[in-house]
Every structure is written in C-alpha cells, then in structure tokens.
Amino acid sequence: MCLGQVRAAPIWAALAADGVTHLCGAPIVMSLLINAEACEKRALDQQVQFFTAAAPPPETVLAQMANAGFAVTHLYGLTETYGPAVVNDWHAEWNDLPAAAQARLKARQGVRYLPLEELDVLDPDTLQPVPRDGTTMGEVMFRGNVVMKGYFRNPEATEKALAGGWFHSGDLAVRHADGYIQLKDRSKDVIISGGENISSIEVEEVLYQHPAVAVAAVVAMADEKWGETPCAFVELVPGQGDVEADLMAWCRQNLAGYKLPKRFVFGPIQRTSTGKVQKFALRAQAQRLAE
C-alpha cells in the first residue's frame, strides 16, 4: 500500500482489518498515524514494514513508530538517480540496542543500492570526500549508469549538475565511520543568520521532541539585523492550547541561541499530494510575514 495525502483513521482500519504488512509514504504519514486520536488507532496483529523517503524523518517520530508496531526503512534518491538509490540497510545486531540508539541509526539515509556505482559526500569545491566523522558536512553526490545523462534541452543546468563527473544533489550531509550517510539539509534550506549556518532539520528535530508538536517545518525568514532567522511552522497535536511560550522555552533548552525560531506560525502546513511539505510555499509565507 502506497500512501499519499490521506487521513489516519482509514489507514489504521485497513491495517487492522486487511492484515497489511507493507506500507510506503512520506514522513508526514508517520506523524498522522502517531498523532491520530486514540479512538482511530487499532491494535496490530503483525509488524508492518514502513518504507519512507522525501524529508529525513525525525528520530522522535521513528522511535514512536517502532513503539506502535512499525519497522521503518529509510530510502533516499532523486528523480535524476532513478528513484531510491540509497537505503538504510539494517544490521540484525542493531536490534539489541536501546530504542533511542535504534532511532538514531534509522534516521540515517544509509548506503548505496547495488545498481548505483558510487555514492559519496564530497566538498563541493574540491570534490574531495569529507572525513567520516559524522559532523563534517559536504554535498551528497552520485555517479553510475542509473544517474541521468542530462536535463532535456538545458545544457547549462546539465553542466552545473554534473560538474567534475559527479551528479551534485544539492543535499548536505555527513558521513559516519561505517560509511552510512545522513542528510542534514538541502543547500537551499540552510538558514544563514549573522554569518552562522543553521540546519532547518536540526531545529525541526528539536520541535518534534516536544509532545505538543505533530508536524514541524522550519524555513528562513528575512531579518534586518541578522539577515535571516528561523521561522517555525507547526501543526499541534489535537487538543493543545496556546503553547508558543512553552515551545520557545523548549527551544532555548535544546538549541544554541542563534538557532532559536524568531517566529512561530500555527496551523495546517501546505503539502503536496504525496504528503511532502512544500517549503517553497512556506518560504514565501515567511517572506510576507517579514515585510
């Protein structure tokens, strides 16, 4: 079963009634399942394999999915790389780790699928691999016969995208000591505040850890003093009241001062038909708020 823009209740009903064992959907679908009303949820007689791509799933959501009976496998790829080209290949011995450690491992994008010739995280200027230290960021790059040859009738974009013999994804990531990659942000989604780079994914992860937050998306908002500051769009768990002050206090406890959202916007977050958050629309909304 492949899920797009759906409601939680029918999914839970199908899982319980039809014995569904495999699902695929965007991370937003996981949030819908986890934050569904208690009356909508069903006890599952089987473990459900859940495959997810698009935005990196927060560790908190992955841990909650495991508690609900779902085994999440993270996939990653782009249109230019023939769909999923990377998989978080799970090691059996990881099942013995504590739940929090398993969630951290599941949040990684993983290693290349066999049809892909090469996958690496490189310095975009030198094309040299970044250290496998889990902290040094570079750009995810691909090459092989499942990578596109070029953009139709757009030689300029093709030359830029394939510079140096690698396809430049535009995704920023780190590489861990075991070779698994982990996305940190899209290059266009990095927030530059007072000369400091802020990962929107990092801020979103902190927001997801708050029990009142169902969905979070963070984008840059223009700021006269700092150039840009984070703007957080938040969908709350049903039944929550005014939690803005509490969320700000939570962020202060878990983020450096320059990473704090300057503005919270509460309400439904725009998504595509497949459930992917439309950050370009949120950026435009944040721009209007800054005017």
# chains A, B, ... in the order shown; residues from 1 in each chain; ligands from 1

$ residues_around --residues "Gln109 of chain A" --least-positions-apart "5" --cutoff "9 Å" --atoms "only C-alpha atoms" --output "list in words"
Ala53, Pro56, His74, Leu75, Tyr76, Val86, Val87, Asn88, Asp89, Tyr180, Ile181, Gln182 and Leu183 of chain A

$ residues_around --residues "segment 157-165 of chain A" --least-positions-apart "3" --cutoff "12 Å" --atoms "only C-alpha atoms" --output "VMD selection string"
chain A and resid 80 118 122 to 128 139 to 144 147 to 154 168 to 170

$ closest_residue --among "A:Val20, A:Val146, A:Leu289, A:Met137" --to "Asp171 of chain A" --atoms "only C-alpha atoms"
A:Met137

$ select_by_dssp --residues "segment 83-264 of chain A" --states "strand (DSSP E)" --output "ChimeraX atom specification"
/A:83-87,111-112,118-122,138-143,167-175,181-186,191-193,196-198,213-223,227-236,263-264

$ residues_around --residues "Arg42 of chain A" --least-positions-apart "2" --cutoff "7 Å" --atoms "only C-alpha atoms" --output "PyMOL selection string"
chain A and resi 12-13+16+40+44

$ write_last_selection --atoms "N, CA and C atoms" --output "CSV table (one decimal), in the first residue's frame"
chain,number,residue,atom,x,y,z
A,12,TRP,N,-5.4,3.1,9.7
A,12,TRP,CA,-5.4,2.2,10.9
A,12,TRP,C,-6.5,1.1,10.7
A,13,ALA,N,-7.6,1.5,10.1
A,13,ALA,CA,-8.7,0.5,9.9
A,13,ALA,C,-8.2,-0.6,8.9
A,16,ALA,N,-5.6,-3.0,10.4
A,16,ALA,CA,-6.2,-3.9,11.4
A,16,ALA,C,-7.1,-5.0,10.6
A,40,GLU,N,-9.2,6.3,16.9
A,40,GLU,CA,-8.9,5.9,15.5
A,40,GLU,C,-7.9,4.8,15.4
A,44,LEU,N,-2.4,-3.8,16.3
A,44,LEU,CA,-1.9,-4.6,15.1
A,44,LEU,C,-1.5,-6.0,15.5

$ atom_distance --atom1 "atom CA of Asp185 of chain A" --atom2 "atom CA of Leu78 of chain A"
14.5 Å

$ select_by_dssp --residues "segment 28-190 of chain A" --states "alpha helix (DSSP H)" --output "PyMOL selection string"
chain A and resi 28-34+59-67+99-106+155-161

$ atom_distance --atom1 "atom CA of Leu33 of chain A" --atom2 "atom CA of Leu62 of chain A"
11.7 Å

$ closest_residue --among "A:His210, A:Lys106, A:Lys276, A:His22" --to "Leu247 of chain A" --atoms "only C-alpha atoms"
A:His210

$ residues_around --residues "Val265 of chain A" --least-positions-apart "4" --cutoff "8 Å" --atoms "only C-alpha atoms" --output "NGL selection string"
:A and (231-234)

$ closest_residue --among "A:Ile11, A:Cys24, A:Val277, A:Ala99" --to "Ala216 of chain A" --atoms "only C-alpha atoms"
A:Val277

$ closest_residue --among "A:Ile201, A:Leu119, A:Ala14, A:Leu23" --to "Lys259 of chain A" --atoms "only C-alpha atoms"
A:Ile201

$ closest_residue --among "A:Pro238, A:Pro211, A:Pro84, A:Pro10" --to "Leu116 of chain A" --atoms "only C-alpha atoms"
A:Pro84

$ residues_around --residues "segment 220-230 of chain A" --least-positions-apart "6" --cutoff "7 Å" --atoms "only C-alpha atoms" --output "PyMOL selection string"
chain A and resi 191-194+259-262+283+286-287+290

$ residues_around --residues "Ala177 of chain A" --least-positions-apart "6" --cutoff "12 Å" --atoms "only C-alpha atoms" --output "list in words"
Gly110, Val130, Pro131, Arg132, Asp133, Gly134, Thr135 and Thr136 of chain A

$ write_last_selection --atoms "C-alpha atoms" --output "PDB file, in the first residue's frame"
ATOM      1  CA  GLY A 110      22.356   4.732   4.554  1.00  0.00           C
ATOM      2  CA  VAL A 130      34.672  14.744   3.738  1.00  0.00           C
ATOM      3  CA  PRO A 131      36.025  12.969   6.841  1.00  0.00           C
ATOM      4  CA  ARG A 132      33.873  10.071   8.046  1.00  0.00           C
ATOM      5  CA  ASP A 133      33.357  11.717  11.417  1.00  0.00           C
ATOM      6  CA  GLY A 134      29.596  12.221  11.426  1.00  0.00           C
ATOM      7  CA  THR A 135      29.974  16.003  11.776  1.00  0.00           C
ATOM      8  CA  THR A 136      31.774  17.439   8.719  1.00  0.00           C
TER       9      THR A 136
END

$ decode --residues "segment 112-155 of chain A" --atoms "N, CA and C atoms" --output "PDB file, in the first residue's frame"
ATOM      1  N   ARG A 112      24.565   2.901  -0.640  1.00  0.00           N
ATOM      2  CA  ARG A 112      24.033   2.832  -2.000  1.00  0.00           C
ATOM      3  C   ARG A 112      23.362   1.489  -2.271  1.00  0.00           C
ATOM      4  N   TYR A 113      22.330   1.538  -3.127  1.00  0.00           N
ATOM      5  CA  TYR A 113      21.799   0.316  -3.712  1.00  0.00           C
ATOM      6  C   TYR A 113      22.826  -0.237  -4.693  1.00  0.00           C
ATOM      7  N   LEU A 114      22.799  -1.538  -4.933  1.00  0.00           N
ATOM      8  CA  LEU A 114      23.791  -2.162  -5.808  1.00  0.00           C
ATOM      9  C   LEU A 114      23.830  -1.583  -7.228  1.00  0.00           C
ATOM     10  N   PRO A 115      22.682  -1.209  -7.848  1.00  0.00           N
ATOM     11  CA  PRO A 115      22.764  -0.682  -9.219  1.00  0.00           C
ATOM     12  C   PRO A 115      23.516   0.656  -9.319  1.00  0.00           C
ATOM     13  N   LEU A 116      23.640   1.384  -8.226  1.00  0.00           N
ATOM     14  CA  LEU A 116      24.340   2.656  -8.241  1.00  0.00           C
ATOM     15  C   LEU A 116      25.836   2.391  -8.102  1.00  0.00           C
ATOM     16  N   GLU A 117      26.626   2.987  -8.993  1.00  0.00           N
ATOM     17  CA  GLU A 117      28.069   2.719  -8.982  1.00  0.00           C
ATOM     18  C   GLU A 117      28.765   3.361  -7.800  1.00  0.00           C
ATOM     19  N   GLU A 118      28.503   4.660  -7.571  1.00  0.00           N
ATOM     20  CA  GLU A 118      29.200   5.352  -6.485  1.00  0.00           C
ATOM     21  C   GLU A 118      28.299   6.354  -5.802  1.00  0.00           C
ATOM     22  N   LEU A 119      28.489   6.452  -4.487  1.00  0.00           N
ATOM     23  CA  LEU A 119      27.800   7.415  -3.634  1.00  0.00           C
ATOM     24  C   LEU A 119      28.826   7.968  -2.666  1.00  0.00           C
ATOM     25  N   ASP A 120      28.861   9.296  -2.504  1.00  0.00           N
ATOM     26  CA  ASP A 120      29.818   9.859  -1.556  1.00  0.00           C
ATOM     27  C   ASP A 120      29.314  11.218  -1.083  1.00  0.00           C
ATOM     28  N   VAL A 121      29.941  11.706  -0.027  1.00  0.00           N
ATOM     29  CA  VAL A 121      29.706  13.055   0.480  1.00  0.00           C
ATOM     30  C   VAL A 121      31.008  13.820   0.260  1.00  0.00           C
ATOM     31  N   LEU A 122      30.958  14.807  -0.629  1.00  0.00           N
ATOM     32  CA  LEU A 122      32.164  15.488  -1.078  1.00  0.00           C
ATOM     33  C   LEU A 122      32.113  16.974  -0.774  1.00  0.00           C
ATOM     34  N   ASP A 123      33.294  17.560  -0.648  1.00  0.00           N
ATOM     35  CA  ASP A 123      33.398  19.018  -0.608  1.00  0.00           C
ATOM     36  C   ASP A 123      33.016  19.524  -1.996  1.00  0.00           C
ATOM     37  N   PRO A 124      31.987  20.371  -2.123  1.00  0.00           N
ATOM     38  CA  PRO A 124      31.523  20.776  -3.451  1.00  0.00           C
ATOM     39  C   PRO A 124      32.543  21.598  -4.240  1.00  0.00           C
ATOM     40  N   ASP A 125      33.527  22.181  -3.571  1.00  0.00           N
ATOM     41  CA  ASP A 125      34.540  22.975  -4.266  1.00  0.00           C
ATOM     42  C   ASP A 125      35.715  22.132  -4.739  1.00  0.00           C
ATOM     43  N   THR A 126      36.169  21.191  -3.908  1.00  0.00           N
ATOM     44  CA  THR A 126      37.343  20.390  -4.241  1.00  0.00           C
ATOM     45  C   THR A 126      36.998  18.997  -4.738  1.00  0.00           C
ATOM     46  N   LEU A 127      35.748  18.551  -4.523  1.00  0.00           N
ATOM     47  CA  LEU A 127      35.293  17.203  -4.851  1.00  0.00           C
ATOM     48  C   LEU A 127      36.070  16.125  -4.096  1.00  0.00           C
ATOM     49  N   GLN A 128      36.618  16.503  -2.956  1.00  0.00           N
ATOM     50  CA  GLN A 128      37.291  15.544  -2.092  1.00  0.00           C
ATOM     51  C   GLN A 128      36.314  15.046  -1.026  1.00  0.00           C
ATOM     52  N   PRO A 129      36.387  13.749  -0.670  1.00  0.00           N
ATOM     53  CA  PRO A 129      35.484  13.215   0.352  1.00  0.00           C
ATOM     54  C   PRO A 129      35.676  13.910   1.694  1.00  0.00           C
ATOM     55  N   VAL A 130      34.575  14.166   2.394  1.00  0.00           N
ATOM     56  CA  VAL A 130      34.672  14.744   3.738  1.00  0.00           C
ATOM     57  C   VAL A 130      35.083  13.643   4.702  1.00  0.00           C
ATOM     58  N   PRO A 131      35.671  13.998   5.844  1.00  0.00           N
ATOM     59  CA  PRO A 131      36.025  12.969   6.841  1.00  0.00           C
ATOM     60  C   PRO A 131      34.791  12.198   7.294  1.00  0.00           C
ATOM     61  N   ARG A 132      34.979  10.913   7.576  1.00  0.00           N
ATOM     62  CA  ARG A 132      33.873  10.071   8.046  1.00  0.00           C
ATOM     63  C   ARG A 132      33.755  10.217   9.567  1.00  0.00           C
ATOM     64  N   ASP A 133      33.412  11.429   9.981  1.00  0.00           N
ATOM     65  CA  ASP A 133      33.357  11.717  11.417  1.00  0.00           C
ATOM     66  C   ASP A 133      31.948  12.007  11.921  1.00  0.00           C
ATOM     67  N   GLY A 134      30.973  11.972  11.019  1.00  0.00           N
ATOM     68  CA  GLY A 134      29.596  12.221  11.426  1.00  0.00           C
ATOM     69  C   GLY A 134      29.269  13.669  11.717  1.00  0.00           C
ATOM     70  N   THR A 135      30.218  14.588  11.488  1.00  0.00           N
ATOM     71  CA  THR A 135      29.974  16.003  11.776  1.00  0.00           C
ATOM     72  C   THR A 135      30.331  16.923  10.607  1.00  0.00           C
ATOM     73  N   THR A 136      31.344  16.577   9.818  1.00  0.00           N
ATOM     74  CA  THR A 136      31.774  17.439   8.719  1.00  0.00           C
ATOM     75  C   THR A 136      30.796  17.318   7.563  1.00  0.00           C
ATOM     76  N   MET A 137      30.196  18.435   7.175  1.00  0.00           N
ATOM     77  CA  MET A 137      29.180  18.397   6.127  1.00  0.00           C
ATOM     78  C   MET A 137      29.795  18.586   4.745  1.00  0.00           C
ATOM     79  N   GLY A 138      29.211  17.927   3.793  1.00  0.00           N
ATOM     80  CA  GLY A 138      29.536  18.095   2.382  1.00  0.00           C
ATOM     81  C   GLY A 138      28.269  17.892   1.578  1.00  0.00           C
ATOM     82  N   GLU A 139      28.417  17.764   0.268  1.00  0.00           N
ATOM     83  CA  GLU A 139      27.262  17.571  -0.610  1.00  0.00           C
ATOM     84  C   GLU A 139      27.193  16.115  -1.051  1.00  0.00           C
ATOM     85  N   VAL A 140      25.990  15.547  -1.026  1.00  0.00           N
ATOM     86  CA  VAL A 140      25.802  14.183  -1.494  1.00  0.00           C
ATOM     87  C   VAL A 140      25.925  14.165  -3.020  1.00  0.00           C
ATOM     88  N   MET A 141      26.772  13.249  -3.536  1.00  0.00           N
ATOM     89  CA  MET A 141      26.970  13.138  -4.980  1.00  0.00           C
ATOM     90  C   MET A 141      26.889  11.682  -5.413  1.00  0.00           C
ATOM     91  N   PHE A 142      26.407  11.509  -6.658  1.00  0.00           N
ATOM     92  CA  PHE A 142      26.179  10.184  -7.225  1.00  0.00           C
ATOM     93  C   PHE A 142      26.872  10.087  -8.583  1.00  0.00           C
ATOM     94  N   ARG A 143      27.223   8.858  -8.964  1.00  0.00           N
ATOM     95  CA  ARG A 143      27.563   8.603 -10.359  1.00  0.00           C
ATOM     96  C   ARG A 143      27.391   7.120 -10.670  1.00  0.00           C
ATOM     97  N   GLY A 144      27.082   6.844 -11.935  1.00  0.00           N
ATOM     98  CA  GLY A 144      26.824   5.484 -12.369  1.00  0.00           C
ATOM     99  C   GLY A 144      25.783   5.466 -13.463  1.00  0.00           C
ATOM    100  N   ASN A 145      25.471   4.278 -13.963  1.00  0.00           N
ATOM    101  CA  ASN A 145      24.574   4.209 -15.122  1.00  0.00           C
ATOM    102  C   ASN A 145      23.103   4.369 -14.774  1.00  0.00           C
ATOM    103  N   VAL A 146      22.762   4.511 -13.491  1.00  0.00           N
ATOM    104  CA  VAL A 146      21.379   4.825 -13.141  1.00  0.00           C
ATOM    105  C   VAL A 146      21.201   6.321 -12.873  1.00  0.00           C
ATOM    106  N   VAL A 147      22.259   7.095 -13.071  1.00  0.00           N
ATOM    107  CA  VAL A 147      22.190   8.552 -12.925  1.00  0.00           C
ATOM    108  C   VAL A 147      21.920   9.155 -14.298  1.00  0.00           C
ATOM    109  N   MET A 148      21.118  10.192 -14.342  1.00  0.00           N
ATOM    110  CA  MET A 148      20.733  10.811 -15.608  1.00  0.00           C
ATOM    111  C   MET A 148      21.960  11.255 -16.413  1.00  0.00           C
ATOM    112  N   LYS A 149      21.764  11.381 -17.724  1.00  0.00           N
ATOM    113  CA  LYS A 149      22.816  11.906 -18.598  1.00  0.00           C
ATOM    114  C   LYS A 149      22.749  13.430 -18.712  1.00  0.00           C
ATOM    115  N   GLY A 150      21.582  14.015 -18.426  1.00  0.00           N
ATOM    116  CA  GLY A 150      21.462  15.457 -18.518  1.00  0.00           C
ATOM    117  C   GLY A 150      20.014  15.902 -18.530  1.00  0.00           C
ATOM    118  N   TYR A 151      19.812  17.203 -18.408  1.00  0.00           N
ATOM    119  CA  TYR A 151      18.478  17.792 -18.456  1.00  0.00           C
ATOM    120  C   TYR A 151      18.107  18.099 -19.906  1.00  0.00           C
ATOM    121  N   PHE A 152      16.869  17.814 -20.269  1.00  0.00           N
ATOM    122  CA  PHE A 152      16.406  17.968 -21.649  1.00  0.00           C
ATOM    123  C   PHE A 152      16.519  19.412 -22.120  1.00  0.00           C
ATOM    124  N   ARG A 153      17.302  19.596 -23.167  1.00  0.00           N
ATOM    125  CA  ARG A 153      17.469  20.910 -23.809  1.00  0.00           C
ATOM    126  C   ARG A 153      17.921  21.990 -22.827  1.00  0.00           C
ATOM    127  N   ASN A 154      18.719  21.605 -21.847  1.00  0.00           N
ATOM    128  CA  ASN A 154      19.229  22.578 -20.871  1.00  0.00           C
ATOM    129  C   ASN A 154      20.695  22.269 -20.580  1.00  0.00           C
ATOM    130  N   PRO A 155      21.571  22.557 -21.536  1.00  0.00           N
ATOM    131  CA  PRO A 155      22.988  22.208 -21.361  1.00  0.00           C
ATOM    132  C   PRO A 155      23.651  22.937 -20.199  1.00  0.00           C
TER     133      PRO A 155
END
